[in-house]
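Visitor: My questions all concern the structure below.
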Amino acid sequence: MFDVNAFVLPGDIAGQVSTLQRELGAYGFRGALISPLNPRGEAESYKLNEALLAALRRAPRGYYAAVAVGGEPPSLGERVRGIRVYPGAGVEGLRRGAELAEREKLALVISVRSAWGRPALHLGSLVAILEEYRQVPVVLSGVSYHEAIWLVSEAPRYPNLYVEISLFHQMSGLRLLVEALGPRRLMLGTAYPLQNPCVAALKLALSGLSPSILQEIGEKNAVRVLRV
Amino acid sequence: MQVAGNRLVEALEILKRYRGRIIDAHAHVGPDQRFLMRASPSDVARVYDKYGIRMGPFSSTISLLAGAREGNRHVLEAAAQQPGRILPLYALNPLEEGAVEGVDPERYVGVKFHPDYFHIRPSHPISMRALERVAELGLPLMLHSYDGGAEAAEVAREFPELVIVAYHMGGIRWRECLDRVSRYDNVLVEVSSSVAEPGMVDAAVEALGSDRVLFGTDIPYLDPAVSLGKVLGAGLDTRDLENVLWRAAERLLRGEGACLM
């Protein structure tokens, strides 16, 4: 399995990356796409992005970064697979992230929310980005049941949109998304360390979906889209 | 899946071992079109079969979205379709006329109170008068608690003989909830919520003891895998795990005279 939605927080980044490998590995994850969690301002983004990239240079293969927009280092390096935008970045931040992702040929990872109960990004503001940057794979992360109707009714229109499922918890929710979007547009995430990785692992394992669909969601889509 | 980590394999083995014994302390039957969700009685049976869940106390989504009286009728119908599996809770909205008179321990295994949907706090004098009757009848109170356990603690202090289950364990303010309710022996916590931080269930067991911590799913708002992941990912020993997964709920329901079989 591959986790497309893991985080590090301010502090000992190398230690967190090491813990993350151990905790996720215990549940069968062989790698992760990691971002600094919702950094405050460009200076903090830059510092955390740099520390994360330094830690990843020493990490085993399979662990990559989606750097936080606003503080991206001048050279992104071979361990970067995405540009992460948080709700606080606003429309300007979204556009900046999309431009960078297009230029660097990376995925744009957009967090709808980074913690439960916090203000979410309005999905309507994504539409212009999805239409204008059609070559950029956009991974929508942190969606919950609040976005269920949009995901079913609107999201299928945008072929460059992928959905990460760590916070999509409703009963039989995976089956609903598979029916609406198809299995090739969904990606497994844990939201570790915000969430116990056992939740994501069990949610997928017990979804009742076919083994081939589980493989698509659990890893293959991330390999294909993010080149991990 | 081709490769599963040891902890995932262990979690799946535990589920297999406890199949048919787990009690879901928090569940809903009915539709909620706001989020494209539904849990008909047959959906409930299918999902419970899939996860090995034996039974649970249910309220109807209709009691939250339309009216408590309508929801209470609906949950009885649902319970009749899945006897011994869907145990009906009485949704008590103290603002609805005749609500208190409808509480019937012969037909319901407990009382559900949802401050957000019913638009009244449990500690409001109108609610307290209604809860006094619930305490007299000896039914447990299942209280939606996303407020860090503040209302649960207030009601518990007023009615020490009333058993209160703080649904969602305080929500995002779960640490606050554990701190608040730990001094009230008549308060149990139920672990379902979209908040699934590592260490939550361990902390609850540490603070309250595993006989005061209940597994619950909150279906259809959450898939059972979410709470199962929180509990099975907690690293509890066998005694604590069994308490959380079913023994504490069994005692709660039996202790209040509910018919389980």
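Scheme for the structure tokens: letters A, B, ... for chains in order shown; per-chain residue numbers from 1; ligand numbers from 1 in order shown.
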Output as a PyMOL selection string all residues of range 9-228 of chain A that backbone DSSP marks as alpha helix (DSSP H).

Guide: chain A and resi 13-25+41-57+90-104+124-132+148-153+173-181+197-205+211-215+221-226

Visitor: Can you pull out the residues contacting Leu194 in chain A? Cut-off 9 Å, using only C-alpha atoms, and skip same-chain residues under 4 positions away; I want them as a list in words.

Guide: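 My reading of the contact set: Ala6, Phe7, Ser114, Ala115 and Thr190 of chain A; Val195, Ala196, Glu197 and Pro198 of chain B.
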
Visitor: Would you pick out the contacts of Leu76 in chain B at 10 Å or less, using only C-alpha atoms, so that residues sharing its chain but fewer than 5 positions from it are not included, and give the list as a list of chain:residue names?

Guide: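 After dropping sequence-adjacent residues, the list is B:Phe58, B:Ser59, B:Ser60, B:Gly71, B:Gln81, B:Gln82, B:Pro83, B:Ile86, B:Leu87, B:Pro88, B:Leu89, B:Tyr90, B:Arg107, B:Tyr108.
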
Visitor: Keeping only N, CA and C atoms, write the selected residues as a short mmCIF file (atom, residue, chain, number, x, y, z; two decimals), in the first residue's frame.

Guide:
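What landed in part-v4.cif:
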data_model
loop_
_atom_site.label_atom_id
_atom_site.label_comp_id
_atom_site.auth_asym_id
_atom_site.auth_seq_id
_atom_site.Cartn_x
_atom_site.Cartn_y
_atom_site.Cartn_z
N PHE B 58 -30.09 1.71 18.69
CA PHE B 58 -30.26 2.58 17.52
C PHE B 58 -31.23 3.72 17.79
N SER B 59 -30.92 4.87 17.21
CA SER B 59 -31.96 5.89 17.04
C SER B 59 -32.17 6.06 15.55
N SER B 60 -33.28 6.67 15.20
CA SER B 60 -33.59 6.85 13.78
C SER B 60 -33.04 8.20 13.31
N GLY B 71 -39.45 9.70 14.36
CA GLY B 71 -38.27 8.85 14.44
C GLY B 71 -38.45 7.70 15.41
N GLN B 81 -38.03 -5.39 12.39
CA GLN B 81 -37.48 -6.07 11.21
C GLN B 81 -36.18 -6.78 11.50
N GLN B 82 -35.43 -6.29 12.49
CA GLN B 82 -34.15 -6.93 12.86
C GLN B 82 -34.15 -7.15 14.37
N PRO B 83 -35.03 -8.06 14.85
CA PRO B 83 -35.14 -8.23 16.31
C PRO B 83 -33.84 -8.75 16.92
N ILE B 86 -31.27 -4.69 16.08
CA ILE B 86 -31.54 -3.25 16.22
C ILE B 86 -32.32 -3.07 17.51
N LEU B 87 -31.68 -2.52 18.54
CA LEU B 87 -32.34 -2.27 19.82
C LEU B 87 -32.78 -0.80 19.82
N PRO B 88 -34.06 -0.53 20.02
CA PRO B 88 -34.53 0.84 19.84
C PRO B 88 -34.22 1.78 21.00
N LEU B 89 -33.75 2.97 20.65
CA LEU B 89 -33.59 4.05 21.61
C LEU B 89 -34.72 5.04 21.42
N TYR B 90 -35.15 5.65 22.50
CA TYR B 90 -36.19 6.67 22.43
C TYR B 90 -35.51 8.03 22.28
N ARG B 107 -40.39 -0.73 25.79
CA ARG B 107 -40.19 -0.73 24.33
C ARG B 107 -38.82 -0.22 23.89
N TYR B 108 -38.19 0.58 24.75
CA TYR B 108 -36.91 1.19 24.37
C TYR B 108 -35.83 0.80 25.38
#

Visitor: Pull out every residue of chain A that has at least one atom within 7 Å of chain B, counting only C-alpha atoms, and report them as a list in words.

Guide: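 Selected residues: Gly25, Ala26, Tyr27, Gly28, Trp116, Tyr145, His146, Ala148, Ile149, His169, Gln170, Met171, Ser172, Leu194, Gln195, Asn196, Cys198, Val199, Ala201, Leu202, Lys203, Pro211, Leu214 and Gln215 of chain A.
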
Visitor: Using only C-alpha atoms, which residue out of A:Glu131, A:Val223, A:Arg22, A:Leu181 lies closest to Pro156 in chain A?

Guide: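 For Pro156 in chain A, the nearest of the candidates is A:Leu181.
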
Visitor: Neighbours of Tyr86 in chain A within 9 Å (only C-alpha atoms; same-chain residues fewer than 3 positions away dropped), as a ChimeraX atom specification?

Guide: /A:37-39,68-69,89-90,93-94,109-114,121
